[in-house]
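See structure below.
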Amino acid sequence: MLSAQLSPEELARLVSRAHSVTEVLSLLGAKNTGGRRASIRRAVDQLGIDTAHFRRKPATKCTTEMLTAAVAASTSVGGVLDYLGITRSGGAHSHISRRIKAAGISTAHFSHGQGARQHFSAAALDR
C-alpha cells in the first residue's frame, strides 16, 4: 500500500503542494489508478489532512426536466451529453442512457439507437 510507505508528515507536505489526489500520485511518481487514489484518500482522511484547497468540479444534479429538454434538443445520447455540458465518456453515456430510459423519455427522434433503429432487407442492402 503506497500510503503506508509515507510518513504522515511527508503525506501532509505532498497534499499541501497538490491540488488533487491525482496530483499527489504524480508528485510521488506513482501510477494513477483508482485503487491508489482510494488508498491515498483514505490515509488523508484518517490523518485529518486538510484538502480544502483541492480543486473540485462541482457536481450538477441533472433533473428529469433538464434531461427532457436535453433529449428534445438532441438527436443522440452524445448530443444530450453535450447539451448538458457533460464530458463524453462510456460511463457518462451509459448513465444518461439509463436515466432517459428510466424516466420514460422518448428517443424516437434520435438518428441512431433503439428509438429510430432502421431495418433493411437483404435485397435493399444488395443494391
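Residues are named by chain letter and number: chains run A, B, ... in the order of the C-alpha cells, numbers start at 1 in each chain, and ligands are numbered from 1 in the order shown.
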
- Item | Long-range neighbours of Thr63 in chain A as a ChimeraX atom specification, 10 Å cut-off, only C-alpha atoms, 5 positions minimum in chain | /A:68-69,99

Using N, CA and C atoms, can you write the selected residues to a file as an mmCIF file, in the first residue's frame?
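Writing done, so here's part_24.cif:
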data_model
loop_
_atom_site.group_PDB
_atom_site.id
_atom_site.type_symbol
_atom_site.label_atom_id
_atom_site.label_comp_id
_atom_site.auth_asym_id
_atom_site.auth_seq_id
_atom_site.Cartn_x
_atom_site.Cartn_y
_atom_site.Cartn_z
ATOM 1 N N THR A 68 -35.193 15.972 -20.003
ATOM 2 C CA THR A 68 -36.238 16.017 -21.031
ATOM 3 C C THR A 68 -35.930 17.099 -22.065
ATOM 4 N N ALA A 69 -35.511 18.263 -21.607
ATOM 5 C CA ALA A 69 -35.171 19.356 -22.528
ATOM 6 C C ALA A 69 -33.954 18.989 -23.374
ATOM 7 N N ARG A 99 -30.800 6.805 -17.375
ATOM 8 C CA ARG A 99 -31.696 7.839 -16.826
ATOM 9 C C ARG A 99 -32.819 8.167 -17.810
#

- Extract, using only C-alpha atoms, all DNA, RNA and protein residues at most 10 Å from Thr51 in chain A, discarding same-chain residues fewer than 5 positions from it, and format them as a list in words.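 Non-adjacent residues within range: Ala12, Val15, Ser16, Ala18, His19, Ser20, Val21, Arg41, Val44 and Asp45 of chain A.
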
Write the residues you've just listed into a file as a PDB file, in the first residue's frame, and include N, CA and C atoms for each of them.
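The result, written out as selection-v1.pdb:
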ATOM      1  N   ALA A  12       1.354  14.845   4.357  1.00  0.00           N
ATOM      2  CA  ALA A  12       0.796  16.184   4.560  1.00  0.00           C
ATOM      3  C   ALA A  12       1.522  17.208   3.693  1.00  0.00           C
ATOM      4  N   VAL A  15       0.342  16.694   0.078  1.00  0.00           N
ATOM      5  CA  VAL A  15      -1.038  17.159  -0.074  1.00  0.00           C
ATOM      6  C   VAL A  15      -1.079  18.690  -0.119  1.00  0.00           C
ATOM      7  N   SER A  16      -0.254  19.334   0.686  1.00  0.00           N
ATOM      8  CA  SER A  16      -0.251  20.803   0.705  1.00  0.00           C
ATOM      9  C   SER A  16       0.252  21.392  -0.622  1.00  0.00           C
ATOM     10  N   ALA A  18      -0.203  19.830  -3.623  1.00  0.00           N
ATOM     11  CA  ALA A  18      -1.039  19.341  -4.723  1.00  0.00           C
ATOM     12  C   ALA A  18      -2.419  19.999  -4.716  1.00  0.00           C
ATOM     13  N   HIS A  19      -3.118  19.850  -5.831  1.00  0.00           N
ATOM     14  CA  HIS A  19      -4.485  20.356  -5.953  1.00  0.00           C
ATOM     15  C   HIS A  19      -5.501  19.236  -6.096  1.00  0.00           C
ATOM     16  N   SER A  20      -5.044  17.976  -6.028  1.00  0.00           N
ATOM     17  CA  SER A  20      -5.932  16.820  -6.124  1.00  0.00           C
ATOM     18  C   SER A  20      -5.168  15.581  -5.682  1.00  0.00           C
ATOM     19  N   VAL A  21      -5.908  14.510  -5.417  1.00  0.00           N
ATOM     20  CA  VAL A  21      -5.264  13.240  -5.072  1.00  0.00           C
ATOM     21  C   VAL A  21      -4.456  12.741  -6.258  1.00  0.00           C
ATOM     22  N   ARG A  41      -6.570   8.717  -0.529  1.00  0.00           N
ATOM     23  CA  ARG A  41      -7.725   9.424   0.037  1.00  0.00           C
ATOM     24  C   ARG A  41      -8.034   8.916   1.453  1.00  0.00           C
ATOM     25  N   VAL A  44      -5.342  10.175   3.884  1.00  0.00           N
ATOM     26  CA  VAL A  44      -5.521  11.606   4.114  1.00  0.00           C
ATOM     27  C   VAL A  44      -6.689  11.837   5.076  1.00  0.00           C
ATOM     28  N   ASP A  45      -7.789  11.129   4.849  1.00  0.00           N
ATOM     29  CA  ASP A  45      -8.962  11.266   5.721  1.00  0.00           C
ATOM     30  C   ASP A  45      -8.667  10.788   7.138  1.00  0.00           C
TER      31      ASP A  45
END

- Query: as a VMD selection string, which residues of range 22-124 of chain A does DSSP assign to alpha helix (DSSP H)?
  - Reply: chain A and resid 22 to 28 34 to 47 64 to 72 77 to 84 90 to 103 122 to 124

Hey, can you spit out that residue selection with C-alpha atoms as a PDB file, in the first residue's frame?
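Okay, this is what ended up in out_4.pdb:
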ATOM      1  CA  THR A  22      -4.225  12.554  -8.661  1.00  0.00           C
ATOM      2  CA  GLU A  23      -1.616  15.296  -8.341  1.00  0.00           C
ATOM      3  CA  VAL A  24      -0.338  13.727  -5.081  1.00  0.00           C
ATOM      4  CA  LEU A  25       0.229  10.494  -7.014  1.00  0.00           C
ATOM      5  CA  SER A  26       2.018  12.441  -9.735  1.00  0.00           C
ATOM      6  CA  LEU A  27       4.323  14.074  -7.178  1.00  0.00           C
ATOM      7  CA  LEU A  28       5.121  10.594  -5.876  1.00  0.00           C
ATOM      8  CA  GLY A  34      -8.450   4.021  -8.772  1.00  0.00           C
ATOM      9  CA  GLY A  35      -7.009   1.820  -6.042  1.00  0.00           C
ATOM     10  CA  ARG A  36      -4.066   4.134  -5.444  1.00  0.00           C
ATOM     11  CA  ARG A  37      -6.305   7.213  -5.370  1.00  0.00           C
ATOM     12  CA  ALA A  38      -8.584   5.461  -2.862  1.00  0.00           C
ATOM     13  CA  SER A  39      -5.600   4.449  -0.716  1.00  0.00           C
ATOM     14  CA  ILE A  40      -4.247   7.995  -0.608  1.00  0.00           C
ATOM     15  CA  ARG A  41      -7.725   9.424   0.037  1.00  0.00           C
ATOM     16  CA  ARG A  42      -8.267   7.006   2.977  1.00  0.00           C
ATOM     17  CA  ALA A  43      -4.889   7.870   4.504  1.00  0.00           C
ATOM     18  CA  VAL A  44      -5.521  11.606   4.114  1.00  0.00           C
ATOM     19  CA  ASP A  45      -8.962  11.266   5.721  1.00  0.00           C
ATOM     20  CA  GLN A  46      -7.678   9.087   8.579  1.00  0.00           C
ATOM     21  CA  LEU A  47      -4.880  11.544   9.339  1.00  0.00           C
ATOM     22  CA  THR A  64     -35.711  14.991 -15.142  1.00  0.00           C
ATOM     23  CA  GLU A  65     -36.862  18.327 -16.566  1.00  0.00           C
ATOM     24  CA  MET A  66     -33.315  19.189 -17.664  1.00  0.00           C
ATOM     25  CA  LEU A  67     -32.921  15.717 -19.163  1.00  0.00           C
ATOM     26  CA  THR A  68     -36.238  16.017 -21.031  1.00  0.00           C
ATOM     27  CA  ALA A  69     -35.171  19.356 -22.528  1.00  0.00           C
ATOM     28  CA  ALA A  70     -31.766  17.945 -23.485  1.00  0.00           C
ATOM     29  CA  VAL A  71     -33.331  14.914 -25.213  1.00  0.00           C
ATOM     30  CA  ALA A  72     -35.805  17.129 -27.074  1.00  0.00           C
ATOM     31  CA  VAL A  77     -27.223  10.456 -26.393  1.00  0.00           C
ATOM     32  CA  GLY A  78     -23.916  12.121 -27.266  1.00  0.00           C
ATOM     33  CA  GLY A  79     -25.873  15.260 -28.120  1.00  0.00           C
ATOM     34  CA  VAL A  80     -27.656  15.045 -24.759  1.00  0.00           C
ATOM     35  CA  LEU A  81     -24.277  14.890 -23.007  1.00  0.00           C
ATOM     36  CA  ASP A  82     -23.085  17.925 -24.977  1.00  0.00           C
ATOM     37  CA  TYR A  83     -26.294  19.837 -24.219  1.00  0.00           C
ATOM     38  CA  LEU A  84     -25.868  19.148 -20.500  1.00  0.00           C
ATOM     39  CA  GLY A  90     -18.617   5.491 -21.858  1.00  0.00           C
ATOM     40  CA  GLY A  91     -19.706   5.777 -18.238  1.00  0.00           C
ATOM     41  CA  ALA A  92     -21.497   9.082 -18.776  1.00  0.00           C
ATOM     42  CA  HIS A  93     -23.188   7.718 -21.913  1.00  0.00           C
ATOM     43  CA  SER A  94     -24.393   4.605 -20.065  1.00  0.00           C
ATOM     44  CA  HIS A  95     -25.584   6.607 -17.063  1.00  0.00           C
ATOM     45  CA  ILE A  96     -27.548   9.140 -19.121  1.00  0.00           C
ATOM     46  CA  SER A  97     -28.974   6.378 -21.329  1.00  0.00           C
ATOM     47  CA  ARG A  98     -30.277   4.589 -18.217  1.00  0.00           C
ATOM     48  CA  ARG A  99     -31.696   7.839 -16.826  1.00  0.00           C
ATOM     49  CA  ILE A 100     -33.502   8.556 -20.118  1.00  0.00           C
ATOM     50  CA  LYS A 101     -34.965   5.049 -20.194  1.00  0.00           C
ATOM     51  CA  ALA A 102     -35.970   5.116 -16.508  1.00  0.00           C
ATOM     52  CA  ALA A 103     -37.726   8.469 -16.979  1.00  0.00           C
ATOM     53  CA  ALA A 122     -31.251  -8.154 -47.607  1.00  0.00           C
ATOM     54  CA  ALA A 123     -32.450  -7.046 -51.069  1.00  0.00           C
ATOM     55  CA  ALA A 124     -32.042  -3.387 -50.189  1.00  0.00           C
TER      56      ALA A 124
END

- Task: Could you tell me which of A:Glu9, A:Cys62, A:Ser111, A:Lys31 comes closest to Ser74 in chain A if we count only C-alpha atoms?
- Result: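 Nearest candidate to Ser74 in chain A out of A:Glu9, A:Cys62, A:Ser111, A:Lys31: A:Ser111.
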